[in-house]
file start.tsv (TSV, C-alpha atoms)
chain	number	residue	atom	x	y	z
A	1	MET	CA	0.00	0.00	0.00
A	2	ASN	CA	1.24	3.49	-0.88
A	3	THR	CA	1.89	5.25	2.41
A	4	ARG	CA	1.45	8.77	1.04
A	5	ASN	CA	-2.03	10.09	0.35
A	6	TYR	CA	-3.35	13.56	-0.49
A	7	LEU	CA	-6.07	15.76	0.94
A	8	GLN	CA	-6.88	18.74	-1.27
A	9	GLY	CA	-3.47	18.27	-2.89
A	10	VAL	CA	-1.63	18.31	0.46
A	11	PRO	CA	0.31	15.11	1.24
A	12	VAL	CA	0.18	13.05	4.42
A	13	ASP	CA	1.96	9.78	5.23
A	14	ILE	CA	-0.18	6.94	6.52
A	15	LEU	CA	2.15	5.01	8.79
A	16	PRO	CA	1.67	3.29	12.16
A	17	GLU	CA	3.30	4.92	15.17
A	18	MET	CA	6.02	2.29	15.55
A	19	GLN	CA	7.02	2.58	11.90
A	20	ILE	CA	7.35	6.35	12.30
A	21	LEU	CA	9.58	5.90	15.35
A	22	ASP	CA	11.67	3.21	13.65
A	23	GLN	CA	12.26	5.53	10.71
A	24	ILE	CA	13.39	8.36	12.97
A	25	HIS	CA	15.65	5.98	14.92
A	26	ASN	CA	17.32	5.03	11.63
A	27	TRP	CA	17.85	8.69	10.77
A	28	PHE	CA	19.57	9.27	14.12
A	29	LEU	CA	21.79	6.22	13.62
A	30	GLU	CA	22.71	6.90	10.01
A	31	PRO	CA	23.24	10.64	9.64
A	32	GLY	CA	24.09	11.90	6.22
A	33	LYS	CA	21.44	14.46	5.46
A	34	ALA	CA	18.97	16.45	7.47
A	35	ARG	CA	15.37	15.28	7.65
A	36	HIS	CA	12.21	17.38	7.85
A	37	ILE	CA	9.11	16.10	9.68
A	38	VAL	CA	5.81	17.95	9.29
A	39	THR	CA	3.05	17.33	11.85
A	40	LEU	CA	-0.03	18.08	9.77
A	41	ASN	CA	-3.30	19.45	11.12
A	42	ALA	CA	-6.40	20.96	9.53
A	43	LEU	CA	-5.28	24.59	9.77
A	44	MET	CA	-1.96	23.77	8.15
A	45	LEU	CA	-3.76	22.00	5.31
A	46	VAL	CA	-5.95	25.03	4.64
A	47	ALA	CA	-2.90	27.32	4.70
A	48	ALA	CA	-1.06	25.03	2.28
A	49	VAL	CA	-3.98	25.05	-0.17
A	50	HIS	CA	-3.78	28.85	-0.31
A	51	ASN	CA	0.04	29.12	-0.21
A	52	PRO	CA	1.87	27.24	-3.00
A	53	GLU	CA	5.29	27.76	-1.38
A	54	PHE	CA	4.08	26.29	1.90
A	55	ASN	CA	2.55	23.41	-0.05
A	56	ARG	CA	5.89	22.81	-1.76
A	57	ILE	CA	7.72	22.67	1.57
A	58	ILE	CA	5.25	20.09	2.91
A	59	ARG	CA	5.54	18.03	-0.28
A	60	GLU	CA	9.33	17.98	0.02
A	61	ALA	CA	9.30	16.93	3.69
A	62	ASP	CA	10.70	13.50	4.51
A	63	LEU	CA	7.75	12.59	6.72
A	64	ILE	CA	4.28	14.09	7.19
A	65	THR	CA	2.46	12.73	10.22
A	66	ILE	CA	-1.23	12.79	11.17
A	67	ASP	CA	-1.24	15.35	13.95
A	68	GLY	CA	-4.77	16.74	13.92
A	69	TYR	CA	-8.01	14.87	14.56
A	70	GLY	CA	-9.52	16.44	11.44
A	71	ILE	CA	-6.78	14.93	9.25
A	72	LEU	CA	-7.45	11.55	10.85
A	73	LYS	CA	-11.19	11.72	10.17
A	74	ALA	CA	-10.67	12.92	6.60
A	75	LEU	CA	-8.43	9.93	5.88
A	76	GLN	CA	-10.89	7.56	7.51
A	77	ARG	CA	-13.59	8.90	5.19
A	78	LYS	CA	-11.30	7.93	2.31
A	79	GLY	CA	-11.28	4.34	3.55
A	80	TYR	CA	-8.25	4.24	5.86
A	81	GLU	CA	-9.84	2.68	8.92
A	82	ASN	CA	-7.02	1.23	11.03
A	83	ILE	CA	-5.03	4.43	11.46
A	84	ARG	CA	-4.33	6.70	14.41
A	85	GLN	CA	-3.15	10.23	14.86
A	86	PHE	CA	0.30	10.78	16.37
A	87	THR	CA	0.23	14.23	17.88
A	88	GLY	CA	3.22	16.49	17.66
A	89	ILE	CA	3.47	16.82	21.42
A	90	ASP	CA	3.40	13.03	21.95
A	91	LEU	CA	6.09	12.62	19.30
A	92	THR	CA	8.13	15.39	20.94
A	93	ARG	CA	7.94	13.81	24.39
A	94	TYR	CA	9.06	10.47	23.00
A	95	LEU	CA	11.97	11.96	21.07
A	96	LEU	CA	13.17	14.02	24.03
A	97	SER	CA	13.29	10.84	26.12
A	98	HIS	CA	15.01	8.97	23.28
A	99	CYS	CA	17.62	11.71	22.91
A	100	ALA	CA	18.23	11.84	26.67
A	101	ILE	CA	18.79	8.07	26.83
A	102	ASN	CA	21.05	7.93	23.78
A	103	GLY	CA	23.03	11.14	24.26
A	104	TYR	CA	21.69	12.93	21.17
A	105	THR	CA	21.84	16.71	21.28
A	106	VAL	CA	18.71	18.85	21.04
A	107	TYR	CA	18.22	22.45	19.92
A	108	ILE	CA	15.08	24.36	20.91
A	109	TYR	CA	13.86	27.41	18.97
A	110	GLY	CA	10.53	29.03	19.76
A	111	GLY	CA	8.17	30.20	22.44
A	112	SER	CA	8.23	33.40	24.43
A	113	PRO	CA	11.11	34.30	26.79
A	114	MET	CA	8.89	33.29	29.71
A	115	VAL	CA	8.09	29.93	28.10
A	116	VAL	CA	11.80	29.29	27.46
A	117	SER	CA	12.58	30.05	31.09
A	118	HIS	CA	9.97	27.51	32.22
A	119	LEU	CA	11.17	25.03	29.58
A	120	ARG	CA	14.67	25.02	31.04
A	121	ARG	CA	13.28	24.00	34.43
A	122	ALA	CA	10.87	21.45	32.93
A	123	PHE	CA	13.64	19.81	30.92
A	124	ALA	CA	15.95	19.67	33.95
A	125	ARG	CA	13.15	18.03	35.91
A	126	ASN	CA	11.76	15.61	33.30
A	127	TRP	CA	14.85	14.85	31.17
A	128	PRO	CA	17.86	15.61	33.40
A	129	GLU	CA	20.25	13.71	31.13
A	130	LEU	CA	19.23	15.66	28.02
A	131	THR	CA	22.13	17.39	26.24
A	132	MET	CA	21.03	20.81	25.01
A	133	ALA	CA	22.85	22.20	21.99
A	134	GLY	CA	21.01	25.48	22.43
A	135	ILE	CA	17.71	27.08	23.38
A	136	ARG	CA	16.38	30.33	21.94
A	137	ASP	CA	12.99	31.99	22.21
A	138	GLY	CA	11.08	32.83	19.06
A	139	TYR	CA	10.46	36.48	19.86
A	140	GLY	CA	13.97	37.88	19.49
A	141	ASP	CA	13.33	39.12	15.97
A	142	THR	CA	10.67	41.52	17.31
A	143	VAL	CA	13.44	43.21	19.33
A	144	PHE	CA	16.56	42.68	17.22
A	145	GLY	CA	15.00	42.30	13.77
A	146	GLN	CA	15.76	39.77	11.08
A	147	ARG	CA	19.38	39.52	12.21
A	148	TYR	CA	18.20	37.53	15.25
A	149	GLU	CA	16.88	34.67	13.13
A	150	THR	CA	20.10	34.70	11.12
A	151	LEU	CA	22.12	34.38	14.33
A	152	VAL	CA	19.93	31.46	15.44
A	153	LEU	CA	20.39	29.80	12.06
A	154	GLU	CA	24.17	30.24	12.22
A	155	GLU	CA	24.28	28.81	15.75
A	156	ILE	CA	22.25	25.76	14.69
A	157	VAL	CA	24.56	25.15	11.74
A	158	GLN	CA	27.56	25.39	14.06
A	159	LYS	CA	26.06	23.02	16.66
A	160	GLN	CA	24.67	20.43	14.20
A	161	PRO	CA	22.11	19.06	16.70
A	162	ALA	CA	20.60	15.62	16.29
A	163	LEU	CA	17.10	16.98	16.96
A	164	LEU	CA	15.86	20.48	16.13
A	165	LEU	CA	12.47	21.48	17.54
A	166	ALA	CA	10.96	24.65	16.10
A	167	GLY	CA	7.91	26.01	17.91
A	168	LEU	CA	7.31	29.18	15.91
A	169	GLY	CA	3.77	28.56	14.77
A	170	SER	CA	2.87	27.43	11.30
A	171	PRO	CA	3.87	28.17	8.58
A	172	ARG	CA	6.74	30.21	10.02
A	173	GLN	CA	8.37	27.17	11.61
A	174	GLU	CA	8.20	25.15	8.38
A	175	PHE	CA	9.72	28.00	6.36
A	176	PHE	CA	12.53	28.28	8.91
A	177	LEU	CA	13.23	24.55	8.83
A	178	ALA	CA	13.23	24.56	5.03
A	179	LYS	CA	15.90	27.27	5.21
A	180	VAL	CA	18.18	25.75	7.86
A	181	LEU	CA	17.97	21.99	7.23
A	182	PRO	CA	19.83	22.04	3.87
A	183	CYS	CA	22.79	23.48	5.84
A	184	LEU	CA	22.83	20.51	8.23
A	185	ASN	CA	24.00	16.95	7.73
A	186	LYS	CA	22.59	14.94	10.61
A	187	THR	CA	19.58	16.76	12.02
A	188	VAL	CA	15.94	15.71	12.33
A	189	GLY	CA	13.89	18.91	12.31
A	190	ILE	CA	10.27	19.12	13.44
A	191	GLY	CA	7.82	22.01	13.64
A	192	ILE	CA	5.79	21.51	16.82
A	193	GLY	CA	3.57	24.60	17.00
A	194	GLY	CA	2.55	25.47	20.55
A	195	ALA	CA	3.93	22.30	22.16
A	196	PHE	CA	6.51	24.33	24.10
A	197	ASP	CA	3.66	26.04	25.97
A	198	VAL	CA	2.42	22.66	27.23
A	199	LEU	CA	5.86	21.17	27.88
A	200	SER	CA	6.83	24.25	29.89
A	201	GLY	CA	3.66	24.06	31.97
A	202	THR	CA	2.54	27.57	31.02
A	203	LYS	CA	-0.57	26.12	29.33
A	204	LYS	CA	-2.54	23.00	30.17
A	205	GLU	CA	-2.84	20.15	27.73
A	206	ALA	CA	-6.34	19.25	26.63
A	207	PRO	CA	-7.71	16.20	28.51
A	208	ARG	CA	-7.21	12.99	26.54
A	209	PHE	CA	-10.97	12.49	26.20
A	210	LEU	CA	-11.25	15.79	24.29
A	211	ARG	CA	-8.19	14.98	22.18
A	212	ASN	CA	-9.56	11.56	21.28
A	213	HIS	CA	-12.90	12.99	20.18
A	214	GLY	CA	-11.75	15.99	18.17
A	215	TRP	CA	-12.48	18.76	20.67
A	216	GLU	CA	-8.90	19.82	21.41
A	217	TRP	CA	-9.29	22.86	19.13
A	218	CYS	CA	-12.19	24.10	21.29
A	219	TYR	CA	-10.15	23.65	24.48
A	220	ARG	CA	-7.26	25.61	22.97
A	221	MET	CA	-9.53	28.44	21.87
A	222	LEU	CA	-11.02	28.71	25.34
A	223	GLN	CA	-7.47	29.10	26.69
A	224	ASP	CA	-6.55	31.59	23.99
A	225	PRO	CA	-9.59	33.45	22.57
A	226	ALA	CA	-7.38	35.03	19.87
A	227	LYS	CA	-7.51	31.65	18.14
A	228	LEU	CA	-11.23	32.15	17.49
A	229	LYS	CA	-10.28	33.96	14.28
A	230	ARG	CA	-9.22	30.55	12.90
A	231	ILE	CA	-12.77	29.15	12.96
A	232	PRO	CA	-13.44	30.14	9.30
A	233	ASP	CA	-10.43	28.06	8.23
A	234	LEU	CA	-11.69	25.10	10.25
A	235	CYS	CA	-15.04	25.50	8.48
A	236	LYS	CA	-13.23	25.44	5.13
A	237	PHE	CA	-11.50	22.21	6.10
A	238	TRP	CA	-14.81	20.68	7.15
A	239	TYR	CA	-16.42	21.67	3.86
A	240	TRP	CA	-13.53	20.33	1.77
A	241	CYS	CA	-12.78	17.10	3.60
A	242	LEU	CA	-15.54	16.08	5.99
A	243	ARG	CA	-18.93	17.04	4.54

call {"tool": "encode", "arguments": {"input": "start.tsv", "output": "structure tokens"}}
result
Amino acid sequence: MNTRNYLQGVPVDILPEMQILDQIHNWFLEPGKARHIVTLNALMLVAAVHNPEFNRIIREADLITIDGYGILKALQRKGYENIRQFTGIDLTRYLLSHCAINGYTVYIYGGSPMVVSHLRRAFARNWPELTMAGIRDGYGDTVFGQRYETLVLEEIVQKQPALLLAGLGSPRQEFFLAKVLPCLNKTVGIGIGGAFDVLSGTKKEAPRFLRNHGWEWCYRMLQDPAKLKRIPDLCKFWYWCLR
């Protein structure tokens, strides 16, 4: 069976969780080129439909996982029944533990200065053996301008981390990864959206019951009412893929 399918022209890989992890393990063990993982959700799909360059970046990614519940349901409507979503935050937690156990270095880029401060403490508490190649907030460019992102890029290239986690929001994080990963030779790069907020403890994760039944988006919007402006895009996704 072909593992790559398309929703509105946007690709997604249909792979079981263990196969995804095995593939990433192999990339860590056999470095030679950088790898880009996209964790696809409904809002990203809508953005990619309207933005050809963003669509191209997703198409060229090495792995596109089923992050959002909407993506899962859309694929199930196409006949893929025995599949599960693998959320970006669950993948991130697993990879942080894997890197801590195996001595792989990790670089963190994203979140507010306050979130980064909490992240440092959370990592020291939950993954004390983790080797950090660097940690930078994603707001420095608002103070220092575009030069800040260039400095971050140069530092990442110098450090050559095994795992690069970019929590800059989509599509900014995917554009950044598409820029930096060609300069690296052994890095697995993943855009993880707002996962740093949860990992740092500054925001609560949606209860598993809500996540398993597609109501995580509502929980997030209640925590951050500014996200209500995204409802029209969710309606577009519903009309395209779920009606």

call {"tool": "atom_distance", "arguments": {"input": "start.tsv", "atom1": "CA of Lys33 (chain A)", "atom2": "CA of Gln85 (chain A)"}}
result
26.7 Å

call {"tool": "closest_atom_pairs", "arguments": {"input": "start.tsv", "of": "region 65-159 of chain A", "to": "region 2-23 of chain A", "cutoff": "10 Å", "atoms": "all atoms listed in the file", "output": "tab-separated table"}}
result
residue	atom	partner	partner_atom	distance
A:Thr65	CA	A:Asp13	CA	5.8
A:Ile66	CA	A:Val12	CA	6.9
A:Asp67	CA	A:Val12	CA	9.9
A:Ile71	CA	A:Leu7	CA	8.4
A:Leu72	CA	A:Ile14	CA	9.6
A:Ala74	CA	A:Leu7	CA	7.8
A:Leu75	CA	A:Leu7	CA	8.0
A:Lys78	CA	A:Leu7	CA	9.5
A:Tyr80	CA	A:Ile14	CA	8.5
A:Asn82	CA	A:Pro16	CA	9.0
A:Ile83	CA	A:Pro16	CA	6.8
A:Arg84	CA	A:Pro16	CA	7.3
A:Gln85	CA	A:Glu17	CA	8.4
A:Phe86	CA	A:Glu17	CA	6.7
A:Leu91	CA	A:Leu21	CA	8.5
A:Tyr94	CA	A:Leu21	CA	8.9
A:Leu95	CA	A:Leu21	CA	8.7

call {"tool": "write_last_selection", "arguments": {"input": "start.tsv", "atoms": "C-alpha atoms", "output": "PDB file, in the coordinates of the input"}}
result
ATOM      1  CA  THR A  65       2.460  12.730  10.220  1.00  0.00           C
ATOM      2  CA  ILE A  66      -1.230  12.790  11.170  1.00  0.00           C
ATOM      3  CA  ASP A  67      -1.240  15.350  13.950  1.00  0.00           C
ATOM      4  CA  ILE A  71      -6.780  14.930   9.250  1.00  0.00           C
ATOM      5  CA  LEU A  72      -7.450  11.550  10.850  1.00  0.00           C
ATOM      6  CA  ALA A  74     -10.670  12.920   6.600  1.00  0.00           C
ATOM      7  CA  LEU A  75      -8.430   9.930   5.880  1.00  0.00           C
ATOM      8  CA  LYS A  78     -11.300   7.930   2.310  1.00  0.00           C
ATOM      9  CA  TYR A  80      -8.250   4.240   5.860  1.00  0.00           C
ATOM     10  CA  ASN A  82      -7.020   1.230  11.030  1.00  0.00           C
ATOM     11  CA  ILE A  83      -5.030   4.430  11.460  1.00  0.00           C
ATOM     12  CA  ARG A  84      -4.330   6.700  14.410  1.00  0.00           C
ATOM     13  CA  GLN A  85      -3.150  10.230  14.860  1.00  0.00           C
ATOM     14  CA  PHE A  86       0.300  10.780  16.370  1.00  0.00           C
ATOM     15  CA  LEU A  91       6.090  12.620  19.300  1.00  0.00           C
ATOM     16  CA  TYR A  94       9.060  10.470  23.000  1.00  0.00           C
ATOM     17  CA  LEU A  95      11.970  11.960  21.070  1.00  0.00           C
TER      18      LEU A  95
END

call {"tool": "atom_distance", "arguments": {"input": "start.tsv", "atom1": "CA of Arg220 (chain A)", "atom2": "CA of Gly138 (chain A)"}}
result
20.1 Å

call {"tool": "residues_around", "arguments": {"input": "start.tsv", "residues": "Gly167 (chain A)", "least_positions_apart": "6", "cutoff": "8 Å", "atoms": "all atoms listed in the file", "output": "NGL selection string"}}
result
:A and (108-111 or 138 or 173 or 191-196)

call {"tool": "atom_distance", "arguments": {"input": "start.tsv", "atom1": "CA of Ala47 (chain A)", "atom2": "CA of Lys179 (chain A)"}}
result
18.8 Å

call {"tool": "residues_around", "arguments": {"input": "start.tsv", "residues": "region 141-150 of chain A", "least_positions_apart": "4", "cutoff": "10 Å", "atoms": "all atoms listed in the file", "output": "number ranges by chain"}}
result
A: 109, 136-137, 154-156, 176, 180

call {"tool": "write_last_selection", "arguments": {"input": "start.tsv", "atoms": "C-alpha atoms", "output": "PDB file, in the coordinates of the input"}}
result
ATOM      1  CA  TYR A 109      13.860  27.410  18.970  1.00  0.00           C
ATOM      2  CA  ARG A 136      16.380  30.330  21.940  1.00  0.00           C
ATOM      3  CA  ASP A 137      12.990  31.990  22.210  1.00  0.00           C
ATOM      4  CA  GLU A 154      24.170  30.240  12.220  1.00  0.00           C
ATOM      5  CA  GLU A 155      24.280  28.810  15.750  1.00  0.00           C
ATOM      6  CA  ILE A 156      22.250  25.760  14.690  1.00  0.00           C
ATOM      7  CA  PHE A 176      12.530  28.280   8.910  1.00  0.00           C
ATOM      8  CA  VAL A 180      18.180  25.750   7.860  1.00  0.00           C
TER       9      VAL A 180
END

call {"tool": "closest_residue", "arguments": {"input": "start.tsv", "among": "A:Lys159, A:Trp27, A:Asp233, A:His98", "to": "Asn41 (chain A)", "atoms": "all atoms listed in the file"}}
result
A:Asp233

call {"tool": "closest_residue", "arguments": {"input": "start.tsv", "among": "A:Trp127, A:Ile89, A:Lys73, A:Ala34", "to": "Ala206 (chain A)", "atoms": "all atoms listed in the file"}}
result
A:Ile89

call {"tool": "residues_near_point", "arguments": {"input": "start.tsv", "point": "(1.7, 31.2, 28.6)", "cutoff": "12 Å", "atoms": "all atoms listed in the file", "output": "PyMOL selection string"}}
result
chain A and resi 111-119+194-205+220+223-224

call {"tool": "decode", "arguments": {"input": "start.tsv", "residues": "region 140-219 of chain A", "atoms": "C-alpha atoms", "output": "PDB file, in the first residue's frame"}}
result
ATOM      1  CA  GLY A 140      13.967  37.875  19.491  1.00  0.00           C
ATOM      2  CA  ASP A 141      13.329  39.122  15.973  1.00  0.00           C
ATOM      3  CA  THR A 142      10.674  41.519  17.310  1.00  0.00           C
ATOM      4  CA  VAL A 143      13.443  43.207  19.327  1.00  0.00           C
ATOM      5  CA  PHE A 144      16.557  42.683  17.215  1.00  0.00           C
ATOM      6  CA  GLY A 145      14.998  42.301  13.770  1.00  0.00           C
ATOM      7  CA  GLN A 146      15.765  39.767  11.077  1.00  0.00           C
ATOM      8  CA  ARG A 147      19.383  39.517  12.215  1.00  0.00           C
ATOM      9  CA  TYR A 148      18.196  37.534  15.250  1.00  0.00           C
ATOM     10  CA  GLU A 149      16.876  34.667  13.128  1.00  0.00           C
ATOM     11  CA  THR A 150      20.103  34.703  11.124  1.00  0.00           C
ATOM     12  CA  LEU A 151      22.117  34.384  14.334  1.00  0.00           C
ATOM     13  CA  VAL A 152      19.931  31.464  15.439  1.00  0.00           C
ATOM     14  CA  LEU A 153      20.393  29.797  12.057  1.00  0.00           C
ATOM     15  CA  GLU A 154      24.167  30.240  12.222  1.00  0.00           C
ATOM     16  CA  GLU A 155      24.278  28.814  15.752  1.00  0.00           C
ATOM     17  CA  ILE A 156      22.255  25.756  14.694  1.00  0.00           C
ATOM     18  CA  VAL A 157      24.557  25.148  11.745  1.00  0.00           C
ATOM     19  CA  GLN A 158      27.561  25.389  14.060  1.00  0.00           C
ATOM     20  CA  LYS A 159      26.062  23.019  16.660  1.00  0.00           C
ATOM     21  CA  GLN A 160      24.665  20.430  14.200  1.00  0.00           C
ATOM     22  CA  PRO A 161      22.109  19.064  16.703  1.00  0.00           C
ATOM     23  CA  ALA A 162      20.597  15.621  16.291  1.00  0.00           C
ATOM     24  CA  LEU A 163      17.101  16.984  16.955  1.00  0.00           C
ATOM     25  CA  LEU A 164      15.861  20.484  16.129  1.00  0.00           C
ATOM     26  CA  LEU A 165      12.468  21.479  17.535  1.00  0.00           C
ATOM     27  CA  ALA A 166      10.959  24.652  16.101  1.00  0.00           C
ATOM     28  CA  GLY A 167       7.913  26.012  17.914  1.00  0.00           C
ATOM     29  CA  LEU A 168       7.308  29.182  15.914  1.00  0.00           C
ATOM     30  CA  GLY A 169       3.772  28.561  14.766  1.00  0.00           C
ATOM     31  CA  SER A 170       2.865  27.429  11.297  1.00  0.00           C
ATOM     32  CA  PRO A 171       3.871  28.169   8.576  1.00  0.00           C
ATOM     33  CA  ARG A 172       6.740  30.212  10.024  1.00  0.00           C
ATOM     34  CA  GLN A 173       8.372  27.166  11.612  1.00  0.00           C
ATOM     35  CA  GLU A 174       8.196  25.148   8.377  1.00  0.00           C
ATOM     36  CA  PHE A 175       9.717  28.002   6.364  1.00  0.00           C
ATOM     37  CA  PHE A 176      12.533  28.278   8.907  1.00  0.00           C
ATOM     38  CA  LEU A 177      13.227  24.551   8.829  1.00  0.00           C
ATOM     39  CA  ALA A 178      13.226  24.560   5.034  1.00  0.00           C
ATOM     40  CA  LYS A 179      15.900  27.270   5.206  1.00  0.00           C
ATOM     41  CA  VAL A 180      18.180  25.748   7.855  1.00  0.00           C
ATOM     42  CA  LEU A 181      17.970  21.990   7.233  1.00  0.00           C
ATOM     43  CA  PRO A 182      19.829  22.043   3.870  1.00  0.00           C
ATOM     44  CA  CYS A 183      22.786  23.481   5.840  1.00  0.00           C
ATOM     45  CA  LEU A 184      22.828  20.512   8.231  1.00  0.00           C
ATOM     46  CA  ASN A 185      23.999  16.950   7.731  1.00  0.00           C
ATOM     47  CA  LYS A 186      22.585  14.943  10.608  1.00  0.00           C
ATOM     48  CA  THR A 187      19.579  16.756  12.015  1.00  0.00           C
ATOM     49  CA  VAL A 188      15.942  15.710  12.326  1.00  0.00           C
ATOM     50  CA  GLY A 189      13.891  18.911  12.308  1.00  0.00           C
ATOM     51  CA  ILE A 190      10.265  19.117  13.442  1.00  0.00           C
ATOM     52  CA  GLY A 191       7.820  22.005  13.643  1.00  0.00           C
ATOM     53  CA  ILE A 192       5.787  21.505  16.815  1.00  0.00           C
ATOM     54  CA  GLY A 193       3.569  24.595  17.001  1.00  0.00           C
ATOM     55  CA  GLY A 194       2.551  25.466  20.549  1.00  0.00           C
ATOM     56  CA  ALA A 195       3.925  22.298  22.163  1.00  0.00           C
ATOM     57  CA  PHE A 196       6.506  24.326  24.104  1.00  0.00           C
ATOM     58  CA  ASP A 197       3.657  26.045  25.975  1.00  0.00           C
ATOM     59  CA  VAL A 198       2.425  22.665  27.228  1.00  0.00           C
ATOM     60  CA  LEU A 199       5.861  21.171  27.876  1.00  0.00           C
ATOM     61  CA  SER A 200       6.831  24.247  29.885  1.00  0.00           C
ATOM     62  CA  GLY A 201       3.661  24.065  31.969  1.00  0.00           C
ATOM     63  CA  THR A 202       2.544  27.571  31.015  1.00  0.00           C
ATOM     64  CA  LYS A 203      -0.566  26.120  29.327  1.00  0.00           C
ATOM     65  CA  LYS A 204      -2.541  23.005  30.168  1.00  0.00           C
ATOM     66  CA  GLU A 205      -2.837  20.149  27.727  1.00  0.00           C
ATOM     67  CA  ALA A 206      -6.343  19.249  26.635  1.00  0.00           C
ATOM     68  CA  PRO A 207      -7.713  16.202  28.505  1.00  0.00           C
ATOM     69  CA  ARG A 208      -7.209  12.990  26.539  1.00  0.00           C
ATOM     70  CA  PHE A 209     -10.971  12.488  26.196  1.00  0.00           C
ATOM     71  CA  LEU A 210     -11.251  15.787  24.288  1.00  0.00           C
ATOM     72  CA  ARG A 211      -8.193  14.980  22.177  1.00  0.00           C
ATOM     73  CA  ASN A 212      -9.563  11.556  21.284  1.00  0.00           C
ATOM     74  CA  HIS A 213     -12.903  12.986  20.175  1.00  0.00           C
ATOM     75  CA  GLY A 214     -11.753  15.986  18.171  1.00  0.00           C
ATOM     76  CA  TRP A 215     -12.484  18.762  20.671  1.00  0.00           C
ATOM     77  CA  GLU A 216      -8.902  19.824  21.405  1.00  0.00           C
ATOM     78  CA  TRP A 217      -9.288  22.856  19.130  1.00  0.00           C
ATOM     79  CA  CYS A 218     -12.188  24.099  21.292  1.00  0.00           C
ATOM     80  CA  TYR A 219     -10.154  23.649  24.478  1.00  0.00           C
TER      81      TYR A 219
END
